[in-house]
Amino acid sequence: MSSPADFDVRERDGARWVTLTGDWTAINLDRVAGRLRAALSREREVRFDLSQVGRCDTAGVFAILSAGQGRTAADGLTPPPALERLFELVANATRITTRPKGRPWSLYAMAERLGRGLLGVGAAFYETMAFFGHLLVAIGRVTAHPRRIRWAACFSLAERAGLDAIPIVAVTTFFIGAVVGFLGANELSQFGAQVFAVELIGIAVMREFNIVITAVLLAGRSASAFAAEIGAMKMNQEIDAMRTMGVDPFEALVLPRFLALLLTIPLLTFVATLAGLAGGILVSWWVLNLSPSFFLERIVENVGATHFWVGLSKAPVMAITIAGIGCRQGMEVGGDVESLGQRVTTAVVHAIFSIILIDAVFALVYMKLNV
């Protein structure tokens, strides 16, 4: 049974002696270490008597050395033979001083951050290429053996990513078309050319807003869902179990999501076109007093279907981009919920950024082709 640590400071043989008693261990120190430092703070030179100390650990030795630091006589602290090595180790450890880490030079820090950023971009590019390489292998395998395609999963995902998204896509593009109609009516009326608002609405909706709005909505809806679903399976080690059973996760999880978006985005783009034109027709009828029949007739004669096909040509690229980013971020999820949340957020941000970038590239290419 341990005995509590204690001490006594008395005058003996013309010197001040500190007699320590009990067990000087971590569980017995409690407040005695603070009392010992306070009692010795008024002493100029003391000697320690450790003959009555029972057990002693590193915490007890540190408390004794700290209290006697600068006040212990030259030969005033002689530990028992059993504690000599422990006192030596603790004394050596307390002499080690750590130098605070200075702030790095600003130019050096900037170069370091730049280098780390470039390495991160290179690593992300390498991982993306590895992901698409693995996906191409899966596509080649199912092309050689079409029965391996999981059509049930494809149609189920197409329903969730496509049919369920029709209301939000239709409502959003309807208001976008209406807003473009209001802007065209206000600006063109100043020049007496309000009738050209029909061409403005038709070109803006059929060429840009139908596919861009659809892709952005699917980036927030489907890319995040893909990343969360695959990431949750990765966290639960279901993907590892699939590999153990000989099932390729790219063939079972990634490829059906690619096919689902390839099927649904053209359909949603068509719905978005109709809804956007409906919004433009309503505004033109209300603000400019242009009848729906006149609006549609002018669309057919002056806008044509070329702009619709130009917008629809972006759909497969947008589908591959959204599905690829969502599935890749899901496959990169670690073993905790924090990683899952970060990857889902990254999937949405990267998908939206990629959509804007791809649309800009398409605009530049079609401008050069004079389409």
# chains A, B, ... in the order shown; residues from 1 in each chain; ligands from 1

call {"tool": "residues_around", "arguments": {"residues": "Ala165 of chain A", "least_positions_apart": "5", "cutoff": "9 Å", "atoms": "only C-alpha atoms", "output": "list in words"}}
result
Glu159, Arg160, Ala170, Leu217, Leu218, Arg221 and Leu268 of chain A

call {"tool": "residues_around", "arguments": {"residues": "segment 213-216 of chain A", "least_positions_apart": "4", "cutoff": "10 Å", "atoms": "only C-alpha atoms", "output": "PDB file with N, CA and C atoms, in the first residue's frame"}}
result
ATOM      1  N   ALA A 165     -35.222  14.446 -61.705  1.00  0.00           N
ATOM      2  CA  ALA A 165     -34.673  15.803 -61.806  1.00  0.00           C
ATOM      3  C   ALA A 165     -35.455  16.674 -62.780  1.00  0.00           C
ATOM      4  N   ILE A 166     -36.422  16.097 -63.478  1.00  0.00           N
ATOM      5  CA  ILE A 166     -37.161  16.888 -64.479  1.00  0.00           C
ATOM      6  C   ILE A 166     -37.857  18.100 -63.867  1.00  0.00           C
ATOM      7  N   ILE A 168     -37.196  20.055 -61.214  1.00  0.00           N
ATOM      8  CA  ILE A 168     -36.293  21.149 -60.834  1.00  0.00           C
ATOM      9  C   ILE A 168     -35.625  21.746 -62.067  1.00  0.00           C
ATOM     10  N   VAL A 169     -35.287  20.906 -63.049  1.00  0.00           N
ATOM     11  CA  VAL A 169     -34.685  21.425 -64.289  1.00  0.00           C
ATOM     12  C   VAL A 169     -35.692  22.277 -65.053  1.00  0.00           C
ATOM     13  N   ALA A 170     -36.922  21.799 -65.153  1.00  0.00           N
ATOM     14  CA  ALA A 170     -37.940  22.530 -65.913  1.00  0.00           C
ATOM     15  C   ALA A 170     -38.256  23.877 -65.249  1.00  0.00           C
ATOM     16  N   THR A 172     -36.401  25.644 -63.158  1.00  0.00           N
ATOM     17  CA  THR A 172     -35.242  26.550 -63.198  1.00  0.00           C
ATOM     18  C   THR A 172     -35.071  27.176 -64.579  1.00  0.00           C
ATOM     19  N   THR A 173     -35.108  26.356 -65.619  1.00  0.00           N
ATOM     20  CA  THR A 173     -34.914  26.916 -66.963  1.00  0.00           C
ATOM     21  C   THR A 173     -36.100  27.755 -67.402  1.00  0.00           C
ATOM     22  N   ILE A 176     -35.243  31.018 -66.030  1.00  0.00           N
ATOM     23  CA  ILE A 176     -34.102  31.577 -66.778  1.00  0.00           C
ATOM     24  C   ILE A 176     -34.577  32.166 -68.106  1.00  0.00           C
ATOM     25  N   VAL A 205     -31.398  30.315 -74.857  1.00  0.00           N
ATOM     26  CA  VAL A 205     -31.934  29.096 -74.226  1.00  0.00           C
ATOM     27  C   VAL A 205     -31.444  27.850 -74.944  1.00  0.00           C
ATOM     28  N   GLU A 208     -27.138  27.777 -74.925  1.00  0.00           N
ATOM     29  CA  GLU A 208     -26.340  27.821 -73.703  1.00  0.00           C
ATOM     30  C   GLU A 208     -27.094  27.364 -72.456  1.00  0.00           C
ATOM     31  N   PHE A 209     -28.199  28.054 -72.145  1.00  0.00           N
ATOM     32  CA  PHE A 209     -28.790  27.854 -70.832  1.00  0.00           C
ATOM     33  C   PHE A 209     -29.406  26.468 -70.652  1.00  0.00           C
ATOM     34  N   GLY A 220     -24.710  19.445 -58.820  1.00  0.00           N
ATOM     35  CA  GLY A 220     -25.043  19.532 -57.399  1.00  0.00           C
ATOM     36  C   GLY A 220     -25.874  18.374 -56.910  1.00  0.00           C
ATOM     37  N   ARG A 221     -26.583  17.723 -57.827  1.00  0.00           N
ATOM     38  CA  ARG A 221     -27.517  16.669 -57.417  1.00  0.00           C
ATOM     39  C   ARG A 221     -26.907  15.274 -57.586  1.00  0.00           C
ATOM     40  N   SER A 222     -26.422  14.997 -58.787  1.00  0.00           N
ATOM     41  CA  SER A 222     -25.969  13.640 -59.085  1.00  0.00           C
ATOM     42  C   SER A 222     -24.505  13.419 -58.722  1.00  0.00           C
ATOM     43  N   ALA A 223     -23.633  14.414 -59.005  1.00  0.00           N
ATOM     44  CA  ALA A 223     -22.214  14.226 -58.665  1.00  0.00           C
ATOM     45  C   ALA A 223     -22.045  14.028 -57.164  1.00  0.00           C
ATOM     46  N   ILE A 265     -28.994  13.080 -69.591  1.00  0.00           N
ATOM     47  CA  ILE A 265     -28.695  14.493 -69.832  1.00  0.00           C
ATOM     48  C   ILE A 265     -29.277  14.999 -71.162  1.00  0.00           C
ATOM     49  N   PRO A 266     -29.209  14.260 -72.277  1.00  0.00           N
ATOM     50  CA  PRO A 266     -29.893  14.758 -73.488  1.00  0.00           C
ATOM     51  C   PRO A 266     -31.388  14.942 -73.271  1.00  0.00           C
ATOM     52  N   LEU A 268     -32.930  15.594 -70.402  1.00  0.00           N
ATOM     53  CA  LEU A 268     -33.125  16.771 -69.557  1.00  0.00           C
ATOM     54  C   LEU A 268     -32.826  18.063 -70.317  1.00  0.00           C
ATOM     55  N   THR A 269     -31.871  18.000 -71.234  1.00  0.00           N
ATOM     56  CA  THR A 269     -31.578  19.188 -72.048  1.00  0.00           C
ATOM     57  C   THR A 269     -32.773  19.550 -72.929  1.00  0.00           C
ATOM     58  N   PHE A 270     -33.429  18.540 -73.492  1.00  0.00           N
ATOM     59  CA  PHE A 270     -34.628  18.796 -74.312  1.00  0.00           C
ATOM     60  C   PHE A 270     -35.750  19.402 -73.455  1.00  0.00           C
ATOM     61  N   VAL A 271     -35.941  18.840 -72.251  1.00  0.00           N
ATOM     62  CA  VAL A 271     -36.963  19.382 -71.343  1.00  0.00           C
ATOM     63  C   VAL A 271     -36.621  20.820 -70.961  1.00  0.00           C
ATOM     64  N   ALA A 272     -35.344  21.072 -70.694  1.00  0.00           N
ATOM     65  CA  ALA A 272     -34.926  22.429 -70.323  1.00  0.00           C
ATOM     66  C   ALA A 272     -35.149  23.402 -71.460  1.00  0.00           C
ATOM     67  N   THR A 273     -34.952  22.953 -72.688  1.00  0.00           N
ATOM     68  CA  THR A 273     -35.189  23.825 -73.841  1.00  0.00           C
ATOM     69  C   THR A 273     -36.659  24.215 -73.939  1.00  0.00           C
ATOM     70  N   LYS A 314     -23.025  19.309 -76.455  1.00  0.00           N
ATOM     71  CA  LYS A 314     -22.211  19.372 -75.233  1.00  0.00           C
ATOM     72  C   LYS A 314     -22.660  18.348 -74.195  1.00  0.00           C
ATOM     73  N   ALA A 315     -23.850  17.773 -74.389  1.00  0.00           N
ATOM     74  CA  ALA A 315     -24.417  16.904 -73.360  1.00  0.00           C
ATOM     75  C   ALA A 315     -23.548  15.693 -73.027  1.00  0.00           C
ATOM     76  N   MET A 318     -20.596  16.803 -70.926  1.00  0.00           N
ATOM     77  CA  MET A 318     -21.017  17.171 -69.569  1.00  0.00           C
ATOM     78  C   MET A 318     -21.341  15.926 -68.745  1.00  0.00           C
ATOM     79  N   ALA A 319     -21.995  14.937 -69.373  1.00  0.00           N
ATOM     80  CA  ALA A 319     -22.347  13.711 -68.643  1.00  0.00           C
ATOM     81  C   ALA A 319     -21.099  12.972 -68.184  1.00  0.00           C
ATOM     82  N   THR A 321     -18.153  14.215 -67.690  1.00  0.00           N
ATOM     83  CA  THR A 321     -17.448  15.016 -66.683  1.00  0.00           C
ATOM     84  C   THR A 321     -18.110  14.882 -65.306  1.00  0.00           C
ATOM     85  N   ILE A 322     -19.432  15.024 -65.257  1.00  0.00           N
ATOM     86  CA  ILE A 322     -20.133  14.967 -63.963  1.00  0.00           C
ATOM     87  C   ILE A 322     -19.999  13.577 -63.345  1.00  0.00           C
ATOM     88  N   VAL A 348     -18.739  18.412 -56.007  1.00  0.00           N
ATOM     89  CA  VAL A 348     -19.654  19.446 -56.510  1.00  0.00           C
ATOM     90  C   VAL A 348     -18.872  20.637 -57.063  1.00  0.00           C
ATOM     91  N   ALA A 351     -17.042  19.709 -60.298  1.00  0.00           N
ATOM     92  CA  ALA A 351     -17.975  19.484 -61.402  1.00  0.00           C
ATOM     93  C   ALA A 351     -18.491  20.812 -61.955  1.00  0.00           C
ATOM     94  N   ILE A 352     -18.874  21.736 -61.082  1.00  0.00           N
ATOM     95  CA  ILE A 352     -19.381  23.026 -61.558  1.00  0.00           C
ATOM     96  C   ILE A 352     -18.283  23.808 -62.281  1.00  0.00           C
ATOM     97  N   PHE A 353     -17.077  23.802 -61.707  1.00  0.00           N
ATOM     98  CA  PHE A 353     -15.962  24.485 -62.365  1.00  0.00           C
ATOM     99  C   PHE A 353     -15.685  23.880 -63.741  1.00  0.00           C
ATOM    100  N   SER A 354     -15.707  22.560 -63.828  1.00  0.00           N
ATOM    101  CA  SER A 354     -15.439  21.899 -65.113  1.00  0.00           C
ATOM    102  C   SER A 354     -16.518  22.213 -66.135  1.00  0.00           C
ATOM    103  N   ILE A 355     -17.769  22.313 -65.683  1.00  0.00           N
ATOM    104  CA  ILE A 355     -18.871  22.625 -66.610  1.00  0.00           C
ATOM    105  C   ILE A 355     -18.667  24.010 -67.222  1.00  0.00           C
ATOM    106  N   ILE A 356     -18.343  24.981 -66.388  1.00  0.00           N
ATOM    107  CA  ILE A 356     -18.121  26.337 -66.905  1.00  0.00           C
ATOM    108  C   ILE A 356     -16.940  26.348 -67.870  1.00  0.00           C
TER     109      ILE A 356
END

call {"tool": "closest_residue", "arguments": {"among": "A:Val371, A:Met331, A:Gly279, A:Gly133", "to": "Phe175 of chain A", "atoms": "only C-alpha atoms"}}
result
A:Gly279

call {"tool": "residues_around", "arguments": {"residues": "Leu288 of chain A", "least_positions_apart": "5", "cutoff": "12 Å", "atoms": "only C-alpha atoms", "output": "list in words"}}
result
Gly181, Phe182, Leu183, Gly184, Ala185, Asn186, Leu188, Ser189, Gly192, Ala193, Gln194, Val195, Phe196, Ala197, Val198, Gly280, Ile281, Leu282, Val283, Phe294 and Phe295 of chain A

call {"tool": "residues_around", "arguments": {"residues": "Ala67 of chain A", "least_positions_apart": "6", "cutoff": "7 Å", "atoms": "only C-alpha atoms", "output": "ChimeraX atom specification"}}
result
/A:36-37,40

call {"tool": "closest_residue", "arguments": {"among": "A:Tyr366, A:Arg95, A:Asp248, A:Asn302", "to": "Arg141 of chain A", "atoms": "only C-alpha atoms"}}
result
A:Asp248

call {"tool": "decode", "arguments": {"residues": "segment 9-99 of chain A", "atoms": "C-alpha atoms", "output": "PDB file, in the first residue's frame"}}
result
ATOM      1  CA  VAL A   9      12.121  21.604   6.415  1.00  0.00           C
ATOM      2  CA  ARG A  10      14.263  21.989   9.525  1.00  0.00           C
ATOM      3  CA  GLU A  11      17.586  23.423  10.744  1.00  0.00           C
ATOM      4  CA  ARG A  12      20.112  20.657  11.394  1.00  0.00           C
ATOM      5  CA  ASP A  13      23.881  20.774  11.913  1.00  0.00           C
ATOM      6  CA  GLY A  14      23.966  24.419  10.854  1.00  0.00           C
ATOM      7  CA  ALA A  15      22.173  23.825   7.505  1.00  0.00           C
ATOM      8  CA  ARG A  16      18.623  23.725   6.213  1.00  0.00           C
ATOM      9  CA  TRP A  17      17.530  20.150   5.516  1.00  0.00           C
ATOM     10  CA  VAL A  18      14.489  19.008   3.566  1.00  0.00           C
ATOM     11  CA  THR A  19      13.424  15.564   4.713  1.00  0.00           C
ATOM     12  CA  LEU A  20      11.204  13.769   2.200  1.00  0.00           C
ATOM     13  CA  THR A  21       8.933  10.913   3.325  1.00  0.00           C
ATOM     14  CA  GLY A  22       6.414   8.588   1.677  1.00  0.00           C
ATOM     15  CA  ASP A  23       6.056   7.552  -1.950  1.00  0.00           C
ATOM     16  CA  TRP A  24       6.955  10.315  -4.436  1.00  0.00           C
ATOM     17  CA  THR A  25       5.003   8.919  -7.326  1.00  0.00           C
ATOM     18  CA  ALA A  26       2.585  10.555  -9.753  1.00  0.00           C
ATOM     19  CA  ILE A  27      -0.567   9.339  -7.973  1.00  0.00           C
ATOM     20  CA  ASN A  28       0.695  10.568  -4.572  1.00  0.00           C
ATOM     21  CA  LEU A  29       2.045  13.973  -5.501  1.00  0.00           C
ATOM     22  CA  ASP A  30      -1.301  15.753  -5.611  1.00  0.00           C
ATOM     23  CA  ARG A  31      -0.496  19.212  -4.179  1.00  0.00           C
ATOM     24  CA  VAL A  32       2.723  18.315  -2.328  1.00  0.00           C
ATOM     25  CA  ALA A  33       4.901  19.314  -5.287  1.00  0.00           C
ATOM     26  CA  GLY A  34       3.461  22.823  -5.236  1.00  0.00           C
ATOM     27  CA  ARG A  35       3.820  23.076  -1.461  1.00  0.00           C
ATOM     28  CA  LEU A  36       7.467  21.966  -1.695  1.00  0.00           C
ATOM     29  CA  ARG A  37       8.253  24.648  -4.308  1.00  0.00           C
ATOM     30  CA  ALA A  38       6.509  27.279  -2.205  1.00  0.00           C
ATOM     31  CA  ALA A  39       8.359  26.216   0.990  1.00  0.00           C
ATOM     32  CA  LEU A  40      11.777  26.301  -0.704  1.00  0.00           C
ATOM     33  CA  SER A  41      11.168  29.586  -2.532  1.00  0.00           C
ATOM     34  CA  ARG A  42      12.307  31.468   0.588  1.00  0.00           C
ATOM     35  CA  GLU A  43      15.421  29.305   1.151  1.00  0.00           C
ATOM     36  CA  ARG A  44      18.844  30.247  -0.156  1.00  0.00           C
ATOM     37  CA  GLU A  45      20.566  26.834   0.193  1.00  0.00           C
ATOM     38  CA  VAL A  46      19.081  23.508   1.215  1.00  0.00           C
ATOM     39  CA  ARG A  47      20.075  19.870   1.482  1.00  0.00           C
ATOM     40  CA  PHE A  48      17.803  16.932   0.754  1.00  0.00           C
ATOM     41  CA  ASP A  49      17.425  13.854   2.934  1.00  0.00           C
ATOM     42  CA  LEU A  50      15.950  11.059   0.789  1.00  0.00           C
ATOM     43  CA  SER A  51      16.573   8.216   3.214  1.00  0.00           C
ATOM     44  CA  GLN A  52      12.876   7.959   4.158  1.00  0.00           C
ATOM     45  CA  VAL A  53      11.499   8.011   0.592  1.00  0.00           C
ATOM     46  CA  GLY A  54       9.658   4.803  -0.265  1.00  0.00           C
ATOM     47  CA  ARG A  55       8.933   4.590  -3.983  1.00  0.00           C
ATOM     48  CA  CYS A  56       9.774   7.284  -6.497  1.00  0.00           C
ATOM     49  CA  ASP A  57       9.039   7.660 -10.218  1.00  0.00           C
ATOM     50  CA  THR A  58       9.957  10.228 -12.852  1.00  0.00           C
ATOM     51  CA  ALA A  59       7.172  12.573 -11.746  1.00  0.00           C
ATOM     52  CA  GLY A  60       8.459  12.537  -8.174  1.00  0.00           C
ATOM     53  CA  VAL A  61      12.054  13.061  -9.255  1.00  0.00           C
ATOM     54  CA  PHE A  62      11.015  15.958 -11.498  1.00  0.00           C
ATOM     55  CA  ALA A  63       9.099  17.555  -8.604  1.00  0.00           C
ATOM     56  CA  ILE A  64      12.153  17.289  -6.303  1.00  0.00           C
ATOM     57  CA  LEU A  65      14.613  18.619  -8.892  1.00  0.00           C
ATOM     58  CA  SER A  66      12.273  21.471  -9.880  1.00  0.00           C
ATOM     59  CA  ALA A  67      11.773  22.556  -6.264  1.00  0.00           C
ATOM     60  CA  GLY A  68      15.487  22.470  -5.485  1.00  0.00           C
ATOM     61  CA  GLN A  69      16.718  24.029  -8.703  1.00  0.00           C
ATOM     62  CA  GLY A  70      19.108  26.882  -7.863  1.00  0.00           C
ATOM     63  CA  ARG A  71      18.803  26.279  -4.110  1.00  0.00           C
ATOM     64  CA  THR A  72      20.395  22.860  -3.640  1.00  0.00           C
ATOM     65  CA  ALA A  73      23.862  22.833  -2.085  1.00  0.00           C
ATOM     66  CA  ALA A  74      26.692  21.322  -4.136  1.00  0.00           C
ATOM     67  CA  ASP A  75      26.541  18.064  -2.200  1.00  0.00           C
ATOM     68  CA  GLY A  76      22.987  18.541  -0.951  1.00  0.00           C
ATOM     69  CA  LEU A  77      21.179  15.974  -3.133  1.00  0.00           C
ATOM     70  CA  THR A  78      22.493  12.441  -2.968  1.00  0.00           C
ATOM     71  CA  PRO A  79      19.845   9.963  -4.093  1.00  0.00           C
ATOM     72  CA  PRO A  80      19.854   6.378  -2.819  1.00  0.00           C
ATOM     73  CA  PRO A  81      21.731   3.896  -5.045  1.00  0.00           C
ATOM     74  CA  ALA A  82      18.427   2.491  -6.381  1.00  0.00           C
ATOM     75  CA  LEU A  83      17.336   5.945  -7.597  1.00  0.00           C
ATOM     76  CA  GLU A  84      20.662   7.275  -8.887  1.00  0.00           C
ATOM     77  CA  ARG A  85      20.003   6.244 -12.515  1.00  0.00           C
ATOM     78  CA  LEU A  86      16.461   7.663 -12.416  1.00  0.00           C
ATOM     79  CA  PHE A  87      17.676  11.013 -11.048  1.00  0.00           C
ATOM     80  CA  GLU A  88      20.371  11.111 -13.724  1.00  0.00           C
ATOM     81  CA  LEU A  89      17.897  10.462 -16.563  1.00  0.00           C
ATOM     82  CA  VAL A  90      15.391  13.058 -15.374  1.00  0.00           C
ATOM     83  CA  ALA A  91      18.140  15.636 -14.758  1.00  0.00           C
ATOM     84  CA  ASN A  92      19.513  15.120 -18.292  1.00  0.00           C
ATOM     85  CA  ALA A  93      16.016  15.350 -19.767  1.00  0.00           C
ATOM     86  CA  THR A  94      15.260  18.628 -18.019  1.00  0.00           C
ATOM     87  CA  ARG A  95      18.466  20.185 -19.379  1.00  0.00           C
ATOM     88  CA  ILE A  96      17.247  19.767 -22.976  1.00  0.00           C
ATOM     89  CA  THR A  97      15.900  23.042 -24.207  1.00  0.00           C
ATOM     90  CA  THR A  98      13.756  23.304 -27.313  1.00  0.00           C
ATOM     91  CA  ARG A  99      14.304  26.217 -29.609  1.00  0.00           C
TER      92      ARG A  99
END
